[in-house]
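Shown below: upload.cif, with mmCIF, N, CA and C atoms.
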```cif
data_run
#
loop_
_atom_site.label_atom_id
_atom_site.label_comp_id
_atom_site.auth_asym_id
_atom_site.auth_seq_id
_atom_site.Cartn_x
_atom_site.Cartn_y
_atom_site.Cartn_z
N GLN A 15 43.03 -5.97 38.40
CA GLN A 15 43.98 -7.06 38.31
C GLN A 15 44.27 -7.59 39.73
N VAL A 16 44.17 -8.89 39.89
CA VAL A 16 44.38 -9.47 41.21
C VAL A 16 45.86 -9.45 41.56
N GLN A 17 46.15 -9.18 42.82
CA GLN A 17 47.51 -9.20 43.33
C GLN A 17 47.55 -9.99 44.63
N LEU A 18 48.61 -10.76 44.81
CA LEU A 18 48.79 -11.58 46.01
C LEU A 18 50.14 -11.24 46.62
N VAL A 19 50.15 -11.04 47.92
CA VAL A 19 51.39 -10.71 48.63
C VAL A 19 51.53 -11.64 49.83
N GLU A 20 52.61 -12.45 49.80
CA GLU A 20 52.87 -13.37 50.92
C GLU A 20 53.78 -12.70 51.95
N SER A 21 53.69 -13.17 53.17
CA SER A 21 54.58 -12.73 54.23
C SER A 21 54.64 -13.82 55.29
N GLY A 22 55.61 -13.68 56.19
CA GLY A 22 55.70 -14.60 57.32
C GLY A 22 56.80 -15.64 57.23
N GLY A 23 57.50 -15.68 56.12
CA GLY A 23 58.59 -16.63 56.01
C GLY A 23 59.77 -16.24 56.89
N GLY A 24 60.74 -17.14 56.98
CA GLY A 24 61.91 -16.85 57.78
C GLY A 24 62.72 -18.10 58.07
N LEU A 25 63.63 -17.96 59.02
CA LEU A 25 64.51 -19.05 59.44
C LEU A 25 64.02 -19.58 60.78
N VAL A 26 63.86 -20.88 60.87
CA VAL A 26 63.37 -21.50 62.10
C VAL A 26 64.10 -22.83 62.30
N GLN A 27 64.24 -23.23 63.54
CA GLN A 27 64.86 -24.52 63.83
C GLN A 27 63.85 -25.64 63.62
N ALA A 28 64.37 -26.82 63.34
CA ALA A 28 63.50 -27.98 63.20
C ALA A 28 62.65 -28.15 64.46
N GLY A 29 61.37 -28.45 64.23
CA GLY A 29 60.43 -28.57 65.33
C GLY A 29 59.68 -27.29 65.63
N GLY A 30 60.12 -26.20 65.04
CA GLY A 30 59.49 -24.91 65.27
C GLY A 30 58.27 -24.68 64.40
N SER A 31 57.73 -23.46 64.50
CA SER A 31 56.51 -23.10 63.78
C SER A 31 56.66 -21.76 63.08
N LEU A 32 55.92 -21.62 62.01
CA LEU A 32 55.78 -20.35 61.31
C LEU A 32 54.35 -20.24 60.81
N ARG A 33 53.87 -19.02 60.64
CA ARG A 33 52.57 -18.80 60.00
C ARG A 33 52.76 -17.88 58.81
N LEU A 34 52.44 -18.40 57.65
CA LEU A 34 52.48 -17.61 56.43
C LEU A 34 51.13 -16.94 56.20
N SER A 35 51.18 -15.74 55.64
CA SER A 35 49.97 -15.02 55.27
C SER A 35 50.03 -14.65 53.81
N CYS A 36 48.88 -14.57 53.19
CA CYS A 36 48.79 -14.14 51.79
C CYS A 36 47.56 -13.25 51.67
N THR A 37 47.80 -11.99 51.37
CA THR A 37 46.71 -11.03 51.24
C THR A 37 46.44 -10.78 49.76
N VAL A 38 45.16 -10.80 49.41
CA VAL A 38 44.73 -10.67 48.02
C VAL A 38 44.02 -9.34 47.82
N SER A 39 44.33 -8.67 46.73
CA SER A 39 43.65 -7.43 46.39
C SER A 39 43.24 -7.45 44.93
N GLY A 40 42.27 -6.64 44.59
CA GLY A 40 41.88 -6.50 43.21
C GLY A 40 40.69 -7.33 42.79
N HIS A 41 40.28 -8.26 43.66
CA HIS A 41 39.12 -9.09 43.34
C HIS A 41 38.38 -9.40 44.63
N THR A 42 37.20 -9.94 44.51
CA THR A 42 36.41 -10.31 45.68
C THR A 42 36.95 -11.62 46.24
N PHE A 43 37.73 -11.51 47.31
CA PHE A 43 38.46 -12.66 47.85
C PHE A 43 37.55 -13.83 48.17
N SER A 44 36.38 -13.57 48.71
CA SER A 44 35.51 -14.64 49.17
C SER A 44 34.96 -15.49 48.03
N SER A 45 35.20 -15.08 46.80
CA SER A 45 34.69 -15.82 45.64
C SER A 45 35.66 -16.88 45.13
N TYR A 46 36.82 -17.02 45.77
CA TYR A 46 37.87 -17.82 45.16
C TYR A 46 38.49 -18.84 46.10
N ALA A 47 38.80 -20.00 45.54
CA ALA A 47 39.61 -20.98 46.24
C ALA A 47 41.06 -20.51 46.25
N MET A 48 41.78 -20.91 47.29
CA MET A 48 43.17 -20.50 47.45
C MET A 48 44.05 -21.73 47.67
N GLY A 49 45.29 -21.59 47.28
CA GLY A 49 46.22 -22.70 47.48
C GLY A 49 47.60 -22.21 47.89
N TRP A 50 48.33 -23.11 48.51
CA TRP A 50 49.74 -22.90 48.83
C TRP A 50 50.57 -23.96 48.12
N PHE A 51 51.66 -23.53 47.51
CA PHE A 51 52.61 -24.42 46.86
C PHE A 51 53.99 -24.06 47.38
N ARG A 52 54.96 -24.92 47.10
CA ARG A 52 56.33 -24.61 47.48
C ARG A 52 57.28 -25.16 46.43
N GLN A 53 58.46 -24.55 46.38
CA GLN A 53 59.48 -24.98 45.44
C GLN A 53 60.84 -24.91 46.10
N ALA A 54 61.47 -26.05 46.21
CA ALA A 54 62.83 -26.14 46.76
C ALA A 54 63.83 -26.03 45.61
N PRO A 55 65.07 -25.65 45.91
CA PRO A 55 66.08 -25.51 44.84
C PRO A 55 66.24 -26.80 44.05
N GLY A 56 66.20 -26.69 42.74
CA GLY A 56 66.40 -27.85 41.88
C GLY A 56 65.20 -28.77 41.77
N LYS A 57 64.09 -28.38 42.37
CA LYS A 57 62.89 -29.23 42.32
C LYS A 57 61.73 -28.48 41.69
N GLU A 58 60.74 -29.25 41.27
CA GLU A 58 59.54 -28.64 40.70
C GLU A 58 58.65 -28.08 41.81
N ARG A 59 57.80 -27.14 41.40
CA ARG A 59 56.84 -26.60 42.34
C ARG A 59 55.86 -27.71 42.74
N GLU A 60 55.58 -27.82 44.04
CA GLU A 60 54.70 -28.88 44.50
C GLU A 60 53.56 -28.32 45.35
N PHE A 61 52.45 -29.03 45.30
CA PHE A 61 51.27 -28.66 46.05
C PHE A 61 51.50 -28.86 47.54
N VAL A 62 50.97 -27.93 48.34
CA VAL A 62 51.06 -28.04 49.80
C VAL A 62 49.67 -28.16 50.41
N ALA A 63 48.81 -27.17 50.13
CA ALA A 63 47.49 -27.16 50.75
C ALA A 63 46.56 -26.29 49.94
N THR A 64 45.25 -26.56 50.07
CA THR A 64 44.26 -25.75 49.40
C THR A 64 43.01 -25.63 50.27
N ILE A 65 42.28 -24.55 50.09
CA ILE A 65 41.02 -24.35 50.80
C ILE A 65 40.00 -23.85 49.79
N SER A 66 38.78 -24.38 49.92
CA SER A 66 37.75 -24.03 48.96
C SER A 66 37.24 -22.61 49.14
N ARG A 67 36.53 -22.15 48.14
CA ARG A 67 35.91 -20.82 48.19
C ARG A 67 35.02 -20.68 49.43
N SER A 68 34.30 -21.73 49.76
CA SER A 68 33.39 -21.69 50.91
C SER A 68 34.13 -21.76 52.24
N GLY A 69 35.37 -22.25 52.20
CA GLY A 69 36.11 -22.48 53.43
C GLY A 69 35.79 -23.80 54.09
N ALA A 70 34.81 -24.52 53.55
CA ALA A 70 34.36 -25.75 54.19
C ALA A 70 35.28 -26.93 53.92
N ASN A 71 36.01 -26.87 52.82
CA ASN A 71 36.86 -27.99 52.43
C ASN A 71 38.31 -27.56 52.32
N SER A 72 39.19 -28.43 52.78
CA SER A 72 40.62 -28.21 52.62
C SER A 72 41.28 -29.55 52.33
N TYR A 73 42.47 -29.46 51.81
CA TYR A 73 43.17 -30.68 51.42
C TYR A 73 44.66 -30.42 51.51
N TYR A 74 45.42 -31.46 51.89
CA TYR A 74 46.84 -31.29 52.14
C TYR A 74 47.66 -32.35 51.43
N ALA A 75 48.88 -31.98 51.09
CA ALA A 75 49.83 -32.98 50.62
C ALA A 75 50.14 -33.93 51.77
N ASP A 76 50.41 -35.17 51.44
CA ASP A 76 50.71 -36.16 52.47
C ASP A 76 51.90 -35.73 53.33
N SER A 77 52.85 -35.05 52.73
CA SER A 77 54.08 -34.68 53.43
C SER A 77 53.85 -33.66 54.53
N VAL A 78 52.72 -32.95 54.50
CA VAL A 78 52.46 -31.91 55.50
C VAL A 78 51.22 -32.18 56.34
N LYS A 79 50.49 -33.22 55.98
CA LYS A 79 49.24 -33.53 56.67
C LYS A 79 49.50 -33.76 58.15
N GLY A 80 48.68 -33.13 58.99
CA GLY A 80 48.84 -33.24 60.43
C GLY A 80 49.78 -32.22 61.03
N ARG A 81 50.54 -31.53 60.18
CA ARG A 81 51.48 -30.52 60.67
C ARG A 81 51.11 -29.10 60.21
N PHE A 82 50.54 -28.99 59.02
CA PHE A 82 50.17 -27.69 58.46
C PHE A 82 48.66 -27.54 58.47
N THR A 83 48.21 -26.29 58.63
CA THR A 83 46.78 -25.99 58.58
C THR A 83 46.56 -24.75 57.73
N ILE A 84 45.68 -24.87 56.74
CA ILE A 84 45.31 -23.74 55.91
C ILE A 84 43.99 -23.17 56.43
N SER A 85 43.88 -21.84 56.42
CA SER A 85 42.65 -21.19 56.84
C SER A 85 42.49 -19.89 56.07
N ARG A 86 41.31 -19.32 56.13
CA ARG A 86 41.07 -18.06 55.44
C ARG A 86 40.24 -17.13 56.29
N ASP A 87 40.48 -15.84 56.12
CA ASP A 87 39.71 -14.80 56.78
C ASP A 87 39.21 -13.88 55.67
N ASP A 88 37.97 -14.07 55.26
CA ASP A 88 37.45 -13.31 54.14
C ASP A 88 37.33 -11.82 54.46
N ALA A 89 37.14 -11.49 55.71
CA ALA A 89 37.05 -10.07 56.10
C ALA A 89 38.38 -9.36 55.89
N LYS A 90 39.47 -10.13 55.95
CA LYS A 90 40.80 -9.54 55.77
C LYS A 90 41.41 -9.87 54.42
N ASN A 91 40.65 -10.56 53.56
CA ASN A 91 41.15 -10.94 52.23
C ASN A 91 42.47 -11.72 52.35
N THR A 92 42.56 -12.57 53.33
CA THR A 92 43.82 -13.23 53.64
C THR A 92 43.64 -14.73 53.84
N VAL A 93 44.60 -15.47 53.32
CA VAL A 93 44.69 -16.90 53.57
C VAL A 93 45.97 -17.16 54.36
N TYR A 94 45.89 -18.12 55.27
CA TYR A 94 47.02 -18.41 56.15
C TYR A 94 47.48 -19.85 55.96
N LEU A 95 48.74 -20.07 56.28
CA LEU A 95 49.27 -21.43 56.35
C LEU A 95 50.04 -21.53 57.67
N GLN A 96 49.45 -22.18 58.64
CA GLN A 96 50.11 -22.43 59.91
C GLN A 96 50.95 -23.68 59.78
N MET A 97 52.25 -23.55 60.03
CA MET A 97 53.17 -24.66 59.84
C MET A 97 53.80 -25.01 61.19
N ASN A 98 53.52 -26.19 61.67
CA ASN A 98 54.06 -26.67 62.94
C ASN A 98 54.99 -27.86 62.70
N SER A 99 55.78 -28.17 63.70
CA SER A 99 56.70 -29.32 63.64
C SER A 99 57.50 -29.31 62.34
N LEU A 100 58.05 -28.16 62.05
CA LEU A 100 58.77 -28.00 60.78
C LEU A 100 60.00 -28.90 60.71
N LYS A 101 60.28 -29.35 59.49
CA LYS A 101 61.41 -30.22 59.22
C LYS A 101 62.33 -29.56 58.21
N PRO A 102 63.60 -29.94 58.18
CA PRO A 102 64.51 -29.36 57.17
C PRO A 102 63.99 -29.54 55.74
N GLU A 103 63.29 -30.64 55.48
CA GLU A 103 62.78 -30.86 54.12
C GLU A 103 61.61 -29.95 53.77
N ASP A 104 61.12 -29.16 54.72
CA ASP A 104 60.11 -28.15 54.41
C ASP A 104 60.73 -26.87 53.86
N THR A 105 62.04 -26.80 53.84
CA THR A 105 62.74 -25.62 53.32
C THR A 105 62.41 -25.42 51.85
N ALA A 106 61.91 -24.23 51.51
CA ALA A 106 61.50 -23.93 50.14
C ALA A 106 61.01 -22.49 50.08
N VAL A 107 60.78 -22.03 48.87
CA VAL A 107 60.02 -20.79 48.67
C VAL A 107 58.54 -21.19 48.60
N TYR A 108 57.73 -20.54 49.41
CA TYR A 108 56.30 -20.84 49.47
C TYR A 108 55.52 -19.78 48.71
N TYR A 109 54.60 -20.26 47.87
CA TYR A 109 53.79 -19.39 47.04
C TYR A 109 52.31 -19.59 47.35
N CYS A 110 51.55 -18.51 47.41
CA CYS A 110 50.11 -18.66 47.43
C CYS A 110 49.57 -18.39 46.03
N ALA A 111 48.40 -18.92 45.78
CA ALA A 111 47.80 -18.81 44.46
C ALA A 111 46.28 -18.75 44.58
N VAL A 112 45.64 -18.17 43.56
CA VAL A 112 44.19 -18.01 43.57
C VAL A 112 43.59 -18.61 42.31
N ASN A 113 42.47 -19.30 42.49
CA ASN A 113 41.68 -19.82 41.37
C ASN A 113 40.51 -18.88 41.16
N LEU A 114 40.47 -18.20 40.02
CA LEU A 114 39.46 -17.17 39.75
C LEU A 114 38.18 -17.76 39.18
N ARG A 115 38.15 -19.08 39.03
CA ARG A 115 36.98 -19.73 38.43
C ARG A 115 36.34 -20.72 39.40
N SER A 116 36.52 -20.50 40.69
CA SER A 116 36.20 -21.50 41.71
C SER A 116 34.71 -21.82 41.79
N LEU A 117 34.44 -23.11 41.92
CA LEU A 117 33.12 -23.56 42.34
C LEU A 117 33.09 -23.55 43.86
N TYR A 118 31.90 -23.50 44.44
CA TYR A 118 31.76 -23.12 45.84
C TYR A 118 32.56 -23.98 46.81
N SER A 119 32.48 -25.29 46.68
CA SER A 119 33.13 -26.15 47.66
C SER A 119 34.22 -27.03 47.05
N THR A 120 34.64 -26.69 45.84
CA THR A 120 35.65 -27.50 45.16
C THR A 120 37.04 -27.11 45.60
N ILE A 121 37.91 -28.09 45.69
CA ILE A 121 39.31 -27.84 45.98
C ILE A 121 40.14 -28.10 44.74
N TYR A 122 41.29 -27.49 44.65
CA TYR A 122 42.12 -27.53 43.46
C TYR A 122 43.57 -27.81 43.87
N VAL A 123 44.20 -28.80 43.24
CA VAL A 123 45.53 -29.22 43.69
C VAL A 123 46.62 -29.07 42.62
N ARG A 124 46.25 -28.77 41.40
CA ARG A 124 47.27 -28.65 40.35
C ARG A 124 47.68 -27.20 40.16
N PRO A 125 48.96 -26.96 39.91
CA PRO A 125 49.37 -25.57 39.64
C PRO A 125 48.59 -24.95 38.49
N THR A 126 48.22 -25.75 37.51
CA THR A 126 47.50 -25.22 36.35
C THR A 126 46.05 -24.84 36.68
N ASP A 127 45.58 -25.22 37.86
CA ASP A 127 44.23 -24.81 38.30
C ASP A 127 44.20 -23.34 38.73
N TYR A 128 45.36 -22.75 38.93
CA TYR A 128 45.44 -21.42 39.52
C TYR A 128 45.80 -20.36 38.49
N ASP A 129 45.23 -19.18 38.70
CA ASP A 129 45.30 -18.12 37.70
C ASP A 129 46.27 -17.00 38.06
N ALA A 130 46.60 -16.85 39.30
CA ALA A 130 47.52 -15.79 39.71
C ALA A 130 48.29 -16.26 40.93
N TRP A 131 49.52 -15.76 41.05
CA TRP A 131 50.45 -16.21 42.08
C TRP A 131 51.09 -15.02 42.78
N GLY A 132 51.48 -15.25 44.03
CA GLY A 132 52.28 -14.27 44.74
C GLY A 132 53.75 -14.40 44.35
N GLN A 133 54.56 -13.55 44.96
CA GLN A 133 55.98 -13.52 44.61
C GLN A 133 56.79 -14.55 45.38
N GLY A 134 56.20 -15.13 46.42
CA GLY A 134 56.86 -16.16 47.20
C GLY A 134 57.52 -15.62 48.45
N THR A 135 57.62 -16.47 49.46
CA THR A 135 58.31 -16.13 50.69
C THR A 135 59.18 -17.32 51.10
N GLN A 136 60.41 -17.04 51.49
CA GLN A 136 61.36 -18.09 51.79
C GLN A 136 61.15 -18.64 53.20
N VAL A 137 61.11 -19.95 53.29
CA VAL A 137 61.07 -20.65 54.57
C VAL A 137 62.30 -21.54 54.64
N THR A 138 63.11 -21.35 55.67
CA THR A 138 64.31 -22.15 55.86
C THR A 138 64.24 -22.80 57.24
N VAL A 139 64.35 -24.13 57.26
CA VAL A 139 64.30 -24.88 58.50
C VAL A 139 65.68 -25.51 58.73
N SER A 140 66.31 -25.12 59.82
CA SER A 140 67.65 -25.64 60.12
C SER A 140 67.54 -26.88 61.01
N SER A 141 68.51 -27.76 60.83
CA SER A 141 68.49 -29.01 61.61
C SER A 141 69.25 -28.87 62.92
#
```
Render the structure in this file as structure tokens.
Amino acid sequence: QVQLVESGGGLVQAGGSLRLSCTVSGHTFSSYAMGWFRQAPGKEREFVATISRSGANSYYADSVKGRFTISRDDAKNTVYLQMNSLKPEDTAVYYCAVNLRSLYSTIYVRPTDYDAWGQGTQVTVSS
């Protein structure tokens, strides 16, 4: 059974940076596309970033484009989300997710594309 564990969240001032990590166990990590989503209080879960199984393709929500970078280290079974120039509106619980049916270079942006989720890590950006 696949398991995902996020880490790296915390409290940061606006303009600061954080790097989130998500380590996957129970399956062959290199076979799967990965995604990051977030959910703020009272709002629906929204797409943030995704990276293909091959690592060659990535895609970002417009709200984070140019500020966030998704990457993967298959040797460590880990996907990262580097978040720079953070804004108060980035405050949310961040979740990583895995697509267990990934095609090699395809990216996936819908929550329903993903088969398993981590428990989430809180990111709070103060103004």
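If only N, CA and C atoms are the atoms counted, then among A:Val78, A:Gly30, A:Arg67, A:Val107 the closest residue to Gln133 of chain A is A:Val107.
Every residue within 8 Å of the file position (45.1, -9.6, 36.7), judged by only N, CA and C atoms, is given as Gln15, Val16, Gln17, Gly40, Asp129 and Ala130 of chain A.
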Apply the PyMOL selection byres ((chain A and resi 93) around 7) to the structure shown and report the selected residues as a ChimeraX atom specification. /A:34-38,84-87,90-92,94-95
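Against this structure, the PyMOL selection byres (((chain A and resi 55-61 and name CA) around 10) and name CA) ends up with Gly49, Trp50, Phe51, Arg52, Gln53, Ala54, Val62, Ala63, Thr64, Tyr73, Tyr74, Ala75, Asp76, Ser77, Thr105, Ala106, Val107, Tyr108, Tyr109, Tyr122, Val123, Arg124 and Pro125 of chain A.
Closest approach to Leu114 of chain A among A:Leu100, A:Met48, A:Val139, A:Ala70 is made by A:Met48 (distances from only N, CA and C atoms).
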